[in-house]
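A short write-up of the structure that comes next.
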Amino acid sequence: TCHYETPNQFDSCVKGDNTPARLLEVGVSGCSIQTPDEECKLTWDLVWENQNPRGDRNGGFAYFQDAVHPSIALLGQGGVEIYHHPYQQEFEFRIPAPEKIDPRSDFGRYAGFASSKTLLGGAIVAGRRSDYDPPQIDSKGRVERLNLLVYEDQQSSTSSAFETYFLPSNISGEPYPGNNSISIQSTNFQFDDIDGDGVDDLLEATFLYTSQRVSGYPLPQRIHFLNEKGHVKNTFVVHDSEEGDAG
C-alpha cells in the first residue's frame with residue numbers, strides 16, 4: 001500500500017493504491033558458486049498475480065497436506081487469505097482484518113508470518129498489527145486474542161476445512177505493561193523444533209514504536225513450546241529488548 005507519494009528512483013505512487021502480490025518463476029544463468037566473479041543473468045516468468053490486491057503486507061508458501069504443490073498465504077489489510085494450487089483468483093479461506101479504532105493507527109492488517117510444513121500437517125501463523133488501537137475486551141471480560149494459527153482439519157471430509165487457534169492473550173499480543181492502552185505487537189515469527197520433541201515450536205519477535213516504549217518495561221522476545229495439537233504448553237522469554245524498535 002502506498003503511504004507516501006514522495007518520488008524516488010522508481011517513480012512515485014498514489015497514496016492508498018495497492019501493489020498486487022506476484023509469484024515469479026526465476027531462472028539464473030551465467031554464474032555459480034564456482035565462478036562467483038561471473039555476471040549473473042536473470043530471467044523470470046509471471047506465474048500468478050493477485051488481481052484484487054488488498055494491501056498485502058506479508059506472505060509466502062504454505063504446505064497444507066500437500067508437500068508438492070504449496071498454497072499461497074497472503075497477510076495484510078485483506079486479513080489472512082489462502083489460495084490453493086492451481087492458483088486462481090478466489091481464495092480458499094479468509095479472515096478479514098479488524099478495522100482500526102484509533103485514528104493514529106495505520107491500516108488495520110496482519111503482518112507477522114511464518115509457515116510450518118509439519119505442524120498439524122501444515123500450518124501458518126499470522127500476527128496482527130494493532131498500532132495504537134486499545135486492547136479489546138470480550139463479553140466475559142477477557143482481553144481478545146490477536147495472533148493465530150491457521151491449519152486444515154485433517155479429520156474433515158471437506159477438502160478445504162480450515163481451523164484456527166488464537167494464541168492466548170496473556171502470552172502473545174497482550175497489553176503492554178508500560179501502557180495498558182496499547183498491545184505488544186508480534187511483528188515476526190519462525191517455526192522450529194526447539195525442545196526436540198518432534199513438534200515445531202514457535203519463535204515470536206515483538207515490537208513497539210520507540211515513541212510507544214516506556215523505560216523499565218522491555219519487550220519480551222519469546223519461544224512458545226507447542227504440543228501436537230498446536231496449542232501452547234509453555235512459553236519462555238529468551239530476551240528482553242530494552243531500547244529501540246525490536247523485532
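Convention: chains lettered A, B, ... in C-alpha cells order; per-chain residue numbering from 1; ligands numbered from 1 as shown.
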
> Excluding same-chain residues fewer than 2 positions from A:Asn179, what lies within 9 Å of it counting only C-alpha atoms, as a PyMOL selection string?
Replying inline: chain A and resi 175-177+181-183+212-214

Residue subset to file, keeping N, CA, C and O atoms, as a PDB file, in the first residue's frame:
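Generated file (again.pdb):
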```pdb
ATOM      1  N   PRO A 175      -1.690  -6.691  26.419  1.00  0.00           N
ATOM      2  CA  PRO A 175      -1.495  -5.268  26.725  1.00  0.00           C
ATOM      3  C   PRO A 175      -0.064  -5.013  27.203  1.00  0.00           C
ATOM      4  O   PRO A 175       0.501  -5.803  27.963  1.00  0.00           O
ATOM      5  N   TYR A 176       0.512  -3.915  26.762  1.00  0.00           N
ATOM      6  CA  TYR A 176       1.888  -3.550  27.115  1.00  0.00           C
ATOM      7  C   TYR A 176       1.921  -3.108  28.577  1.00  0.00           C
ATOM      8  O   TYR A 176       1.206  -2.167  28.954  1.00  0.00           O
ATOM      9  N   PRO A 177       2.730  -3.741  29.425  1.00  0.00           N
ATOM     10  CA  PRO A 177       2.746  -3.374  30.845  1.00  0.00           C
ATOM     11  C   PRO A 177       3.107  -1.916  31.100  1.00  0.00           C
ATOM     12  O   PRO A 177       2.678  -1.339  32.114  1.00  0.00           O
ATOM     13  N   SER A 181      -2.969   0.806  27.434  1.00  0.00           N
ATOM     14  CA  SER A 181      -3.892   1.252  26.382  1.00  0.00           C
ATOM     15  C   SER A 181      -3.447   0.791  24.997  1.00  0.00           C
ATOM     16  O   SER A 181      -4.135   1.057  24.007  1.00  0.00           O
ATOM     17  N   ILE A 182      -2.299   0.114  24.894  1.00  0.00           N
ATOM     18  CA  ILE A 182      -1.843  -0.449  23.625  1.00  0.00           C
ATOM     19  C   ILE A 182      -1.411  -1.892  23.853  1.00  0.00           C
ATOM     20  O   ILE A 182      -1.205  -2.323  24.988  1.00  0.00           O
ATOM     21  N   SER A 183      -1.276  -2.632  22.758  1.00  0.00           N
ATOM     22  CA  SER A 183      -0.874  -4.040  22.837  1.00  0.00           C
ATOM     23  C   SER A 183       0.544  -4.217  22.310  1.00  0.00           C
ATOM     24  O   SER A 183       0.991  -3.482  21.421  1.00  0.00           O
ATOM     25  N   GLN A 212       6.325   4.685  21.628  1.00  0.00           N
ATOM     26  CA  GLN A 212       5.382   3.963  22.478  1.00  0.00           C
ATOM     27  C   GLN A 212       6.056   3.288  23.676  1.00  0.00           C
ATOM     28  O   GLN A 212       5.366   2.874  24.607  1.00  0.00           O
ATOM     29  N   ARG A 213       7.359   3.184  23.631  1.00  0.00           N
ATOM     30  CA  ARG A 213       8.085   2.455  24.661  1.00  0.00           C
ATOM     31  C   ARG A 213       8.167   3.253  25.958  1.00  0.00           C
ATOM     32  O   ARG A 213       8.234   4.478  25.951  1.00  0.00           O
ATOM     33  N   VAL A 214       8.164   2.562  27.071  1.00  0.00           N
ATOM     34  CA  VAL A 214       8.291   3.169  28.397  1.00  0.00           C
ATOM     35  C   VAL A 214       9.512   2.560  29.078  1.00  0.00           C
ATOM     36  O   VAL A 214       9.650   1.331  29.137  1.00  0.00           O
TER      37      VAL A 214
END
```

Can you list, as a tab-separated table (two decimals) with N, CA, C and O atoms, in the first residue's frame, every protein, DNA or RNA residue that comes within 9 Å of stretch 99-110 of chain A when you count only C-alpha atoms, leaving out same-chain residues fewer than 4 positions away?
```tsv
chain	number	residue	atom	x	y	z
A	55	GLY	N	-3.80	-4.63	-0.09
A	55	GLY	CA	-2.74	-4.16	0.79
A	55	GLY	C	-2.00	-5.29	1.45
A	55	GLY	O	-1.86	-5.32	2.68
A	56	ASP	N	-1.52	-6.26	0.65
A	56	ASP	CA	-0.81	-7.41	1.19
A	56	ASP	C	0.50	-6.96	1.82
A	56	ASP	O	1.34	-6.33	1.17
A	57	ARG	N	0.70	-7.29	3.09
A	57	ARG	CA	1.86	-6.85	3.84
A	57	ARG	C	2.93	-7.93	3.93
A	57	ARG	O	4.11	-7.64	4.00
A	58	ASN	N	2.54	-9.18	3.89
A	58	ASN	CA	3.48	-10.28	4.03
A	58	ASN	C	2.83	-11.52	3.45
A	58	ASN	O	1.65	-11.54	3.11
A	75	LEU	N	-1.01	-11.99	3.83
A	75	LEU	CA	-1.42	-11.29	5.03
A	75	LEU	C	-1.34	-9.80	4.78
A	75	LEU	O	-0.39	-9.31	4.17
A	76	GLY	N	-2.35	-9.06	5.27
A	76	GLY	CA	-2.33	-7.62	5.10
A	76	GLY	C	-3.65	-7.01	5.49
A	76	GLY	O	-4.34	-7.49	6.39
A	77	GLN	N	-4.02	-5.93	4.78
A	77	GLN	CA	-5.29	-5.26	5.06
A	77	GLN	C	-6.47	-6.14	4.72
A	77	GLN	O	-7.56	-5.97	5.27
A	78	GLY	N	-6.26	-7.07	3.81
A	78	GLY	CA	-7.33	-8.01	3.47
A	78	GLY	C	-7.52	-9.10	4.50
A	78	GLY	O	-8.42	-9.91	4.38
A	79	GLY	N	-6.66	-9.10	5.53
A	79	GLY	CA	-6.73	-10.13	6.55
A	79	GLY	C	-5.75	-11.24	6.25
A	79	GLY	O	-4.62	-11.00	5.83
A	80	VAL	N	-6.20	-12.48	6.45
A	80	VAL	CA	-5.42	-13.67	6.11
A	80	VAL	C	-6.14	-14.38	4.98
A	80	VAL	O	-7.30	-14.77	5.12
A	126	ALA	N	-0.21	-16.04	11.95
A	126	ALA	CA	-0.47	-14.68	11.50
A	126	ALA	C	-0.49	-13.75	12.70
A	126	ALA	O	-1.23	-13.98	13.67
A	127	GLY	N	0.33	-12.71	12.65
A	127	GLY	CA	0.39	-11.73	13.72
A	127	GLY	C	-0.28	-10.43	13.31
A	127	GLY	O	0.01	-9.88	12.26
A	128	ARG	N	-1.20	-9.96	14.14
A	128	ARG	CA	-1.96	-8.75	13.81
A	128	ARG	C	-1.25	-7.51	14.34
A	128	ARG	O	-0.75	-7.49	15.47
A	129	ARG	N	-1.19	-6.47	13.52
A	129	ARG	CA	-0.65	-5.18	13.93
A	129	ARG	C	-1.81	-4.28	14.34
A	129	ARG	O	-2.65	-3.92	13.52
A	130	SER	N	-1.84	-3.92	15.62
A	130	SER	CA	-2.93	-3.07	16.11
A	130	SER	C	-2.49	-1.64	16.36
A	130	SER	O	-3.32	-0.78	16.68
A	131	ASP	N	-1.18	-1.36	16.23
A	131	ASP	CA	-0.64	0.00	16.35
A	131	ASP	C	-1.08	0.68	17.66
A	131	ASP	O	-0.71	0.26	18.73
A	132	TYR	N	-1.92	1.73	17.54
A	132	TYR	CA	-2.36	2.48	18.72
A	132	TYR	C	-3.73	2.05	19.21
A	132	TYR	O	-4.26	2.63	20.17
A	133	ASP	N	-4.34	1.05	18.58
A	133	ASP	CA	-5.66	0.61	19.00
A	133	ASP	C	-5.60	0.02	20.41
A	133	ASP	O	-4.69	-0.75	20.72
A	134	PRO	N	-6.57	0.35	21.26
A	134	PRO	CA	-6.57	-0.22	22.61
A	134	PRO	C	-6.96	-1.69	22.58
A	134	PRO	O	-7.70	-2.14	21.70
A	147	ASN	N	-3.27	-12.90	17.74
A	147	ASN	CA	-2.44	-13.69	16.84
A	147	ASN	C	-2.95	-15.12	16.76
A	147	ASN	O	-3.42	-15.68	17.76
```

> Counting only C-alpha atoms, what is within 10 Å of stretch 22-30 of chain A, bar same-chain residues fewer than 5 positions away, as a ChimeraX atom specification?
Replying inline: /A:35-51,60,72,87

Preceding selection exported with N, CA, C and O atoms as a CSV table (one decimal), in the first residue's frame:
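part-v4.csv, freshly written:
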```csv
chain,number,residue,atom,x,y,z
A,35,THR,N,32.1,-20.0,-10.0
A,35,THR,CA,32.6,-18.8,-10.8
A,35,THR,C,31.9,-17.5,-10.2
A,35,THR,O,31.0,-16.9,-10.9
A,36,PRO,N,32.2,-17.1,-9.0
A,36,PRO,CA,31.5,-16.0,-8.3
A,36,PRO,C,31.7,-14.7,-9.0
A,36,PRO,O,30.9,-13.7,-8.8
A,37,ASP,N,32.8,-14.5,-9.8
A,37,ASP,CA,33.0,-13.2,-10.5
A,37,ASP,C,32.2,-13.1,-11.8
A,37,ASP,O,32.2,-12.0,-12.4
A,38,GLU,N,31.6,-14.1,-12.3
A,38,GLU,CA,30.8,-14.0,-13.5
A,38,GLU,C,29.5,-13.3,-13.2
A,38,GLU,O,28.9,-13.5,-12.1
A,39,GLU,N,29.1,-12.6,-14.2
A,39,GLU,CA,27.8,-11.8,-14.1
A,39,GLU,C,26.6,-12.8,-14.1
A,39,GLU,O,26.6,-13.6,-15.0
A,40,CYS,N,25.7,-12.6,-13.2
A,40,CYS,CA,24.5,-13.4,-13.2
A,40,CYS,C,23.5,-12.8,-14.1
A,40,CYS,O,23.3,-11.6,-14.1
A,41,LYS,N,22.8,-13.6,-14.8
A,41,LYS,CA,21.7,-13.2,-15.7
A,41,LYS,C,20.4,-13.8,-15.2
A,41,LYS,O,20.3,-15.0,-15.0
A,42,LEU,N,19.4,-13.0,-15.1
A,42,LEU,CA,18.1,-13.4,-14.6
A,42,LEU,C,17.1,-13.3,-15.6
A,42,LEU,O,17.0,-12.4,-16.4
A,43,THR,N,16.2,-14.4,-15.7
A,43,THR,CA,15.0,-14.4,-16.5
A,43,THR,C,13.9,-14.8,-15.5
A,43,THR,O,14.1,-15.5,-14.5
A,44,TRP,N,12.7,-14.3,-15.8
A,44,TRP,CA,11.6,-14.6,-15.0
A,44,TRP,C,10.3,-14.6,-15.8
A,44,TRP,O,10.1,-13.9,-16.8
A,45,ASP,N,9.3,-15.4,-15.3
A,45,ASP,CA,8.0,-15.5,-15.9
A,45,ASP,C,7.0,-15.3,-14.8
A,45,ASP,O,7.2,-15.8,-13.6
A,46,LEU,N,5.9,-14.6,-15.1
A,46,LEU,CA,4.9,-14.4,-14.1
A,46,LEU,C,4.0,-15.6,-14.1
A,46,LEU,O,3.4,-16.0,-15.1
A,47,VAL,N,3.9,-16.2,-12.9
A,47,VAL,CA,3.1,-17.4,-12.7
A,47,VAL,C,1.7,-17.1,-12.2
A,47,VAL,O,0.7,-17.7,-12.6
A,48,TRP,N,1.6,-16.1,-11.3
A,48,TRP,CA,0.3,-15.8,-10.7
A,48,TRP,C,0.4,-14.3,-10.2
A,48,TRP,O,1.5,-13.9,-9.7
A,49,GLU,N,-0.7,-13.6,-10.3
A,49,GLU,CA,-0.8,-12.3,-9.7
A,49,GLU,C,-2.2,-12.1,-9.1
A,49,GLU,O,-3.2,-12.5,-9.7
A,50,ASN,N,-2.2,-11.5,-7.9
A,50,ASN,CA,-3.5,-11.2,-7.2
A,50,ASN,C,-4.1,-10.0,-7.9
A,50,ASN,O,-3.6,-8.9,-7.7
A,51,GLN,N,-5.2,-10.3,-8.6
A,51,GLN,CA,-5.8,-9.2,-9.3
A,51,GLN,C,-6.8,-8.3,-8.5
A,51,GLN,O,-7.3,-7.4,-9.0
A,60,GLY,N,3.7,-15.9,1.9
A,60,GLY,CA,4.6,-16.9,1.4
A,60,GLY,C,3.9,-18.2,1.1
A,60,GLY,O,2.7,-18.3,1.1
A,72,ILE,N,-0.6,-20.5,-1.4
A,72,ILE,CA,-0.1,-19.2,-1.2
A,72,ILE,C,-0.9,-18.5,0.0
A,72,ILE,O,-2.1,-18.5,-0.1
A,87,TYR,N,-3.3,-22.0,-8.7
A,87,TYR,CA,-3.6,-20.7,-8.2
A,87,TYR,C,-4.6,-20.0,-9.0
A,87,TYR,O,-4.4,-19.8,-10.2
```

>> Please determine, counting only C-alpha atoms, which residue among A:Leu119, A:Ile124, A:Ile95, A:Ala111 has the shortest atom-to-atom distance to A:Ser71.
In response: A:Ile124

>> Using only C-alpha atoms, which protein or nucleic acid residues come within 6 Å of stretch 216-230 of chain A? Drop anything in the same chain fewer than 6 positions from it, and give the result as number ranges by chain.
In response: A: 178, 201-206, 236-242

Could you pull the residues within 12 Å of A:Val68, counting only C-alpha atoms, minus those fewer than 2 positions along the same chain, as a short mmCIF file (atom, residue, chain, number, x, y, z; two decimals) with N, CA, C and O atoms, in the first residue's frame?
```
data_model
loop_
_atom_site.label_atom_id
_atom_site.label_comp_id
_atom_site.auth_asym_id
_atom_site.auth_seq_id
_atom_site.Cartn_x
_atom_site.Cartn_y
_atom_site.Cartn_z
N PHE A 61 4.67 -19.27 0.93
CA PHE A 61 4.09 -20.58 0.66
C PHE A 61 3.63 -21.24 1.95
O PHE A 61 4.24 -21.06 3.00
N ALA A 62 2.57 -22.01 1.86
CA ALA A 62 2.03 -22.75 2.99
C ALA A 62 1.73 -24.17 2.52
O ALA A 62 1.15 -24.36 1.45
N TYR A 63 2.14 -25.14 3.31
CA TYR A 63 2.02 -26.54 2.91
C TYR A 63 0.90 -27.20 3.71
O TYR A 63 1.13 -27.80 4.76
N PHE A 64 -0.31 -27.11 3.17
CA PHE A 64 -1.47 -27.71 3.82
C PHE A 64 -1.73 -29.08 3.19
O PHE A 64 -2.37 -29.18 2.14
N GLN A 65 -1.21 -30.13 3.83
CA GLN A 65 -1.43 -31.51 3.38
C GLN A 65 -0.84 -31.80 1.99
O GLN A 65 -1.13 -32.84 1.42
N ASP A 66 -0.05 -30.91 1.42
CA ASP A 66 0.46 -31.11 0.07
C ASP A 66 1.89 -30.57 0.02
O ASP A 66 2.11 -29.37 -0.07
N PRO A 70 2.48 -26.24 -2.97
CA PRO A 70 2.13 -25.40 -1.82
C PRO A 70 1.02 -24.42 -2.16
O PRO A 70 0.81 -24.04 -3.32
N SER A 71 0.31 -24.00 -1.12
CA SER A 71 -0.66 -22.91 -1.24
C SER A 71 0.08 -21.59 -1.09
O SER A 71 1.24 -21.54 -0.67
N HIS A 84 -5.17 -22.00 -2.89
CA HIS A 84 -4.65 -23.34 -3.17
C HIS A 84 -4.13 -23.42 -4.60
O HIS A 84 -4.51 -22.66 -5.49
N HIS A 85 -3.26 -24.40 -4.82
CA HIS A 85 -2.79 -24.75 -6.17
C HIS A 85 -3.84 -25.62 -6.87
O HIS A 85 -4.41 -26.50 -6.23
N PRO A 86 -4.09 -25.43 -8.17
CA PRO A 86 -3.56 -24.40 -9.08
C PRO A 86 -4.12 -23.03 -8.72
O PRO A 86 -5.31 -22.89 -8.45
N LYS A 117 5.78 -26.87 7.67
CA LYS A 117 5.37 -27.99 6.82
C LYS A 117 4.81 -29.15 7.63
O LYS A 117 4.10 -30.00 7.08
#
```

> Which residue gives the smallest distance to A:Val232 among A:Thr118, A:Gln88, A:Asn170, A:Asn8, with only C-alpha atoms counted?
Replying inline: A:Asn170

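Take atom CA of A:Ala21 and atom CA of A:Val150: the distance between them is 20.2 Å.
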
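Among the candidates A:Ile137, A:Cys31, A:Leu146, A:Val125, the one nearest to A:Leu74 when counting only C-alpha atoms is A:Val125.
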
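Coordinates place atom CA of A:Ser115 at a distance of 11.4 Å from atom CA of A:Asn188.
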
>> Using only C-alpha atoms, which protein or nucleic acid residues come within 7 Å of A:His3? Drop anything in the same chain fewer than 2 positions from it, and give the result as a ChimeraX atom specification.
In response: /A:1,5,15-16
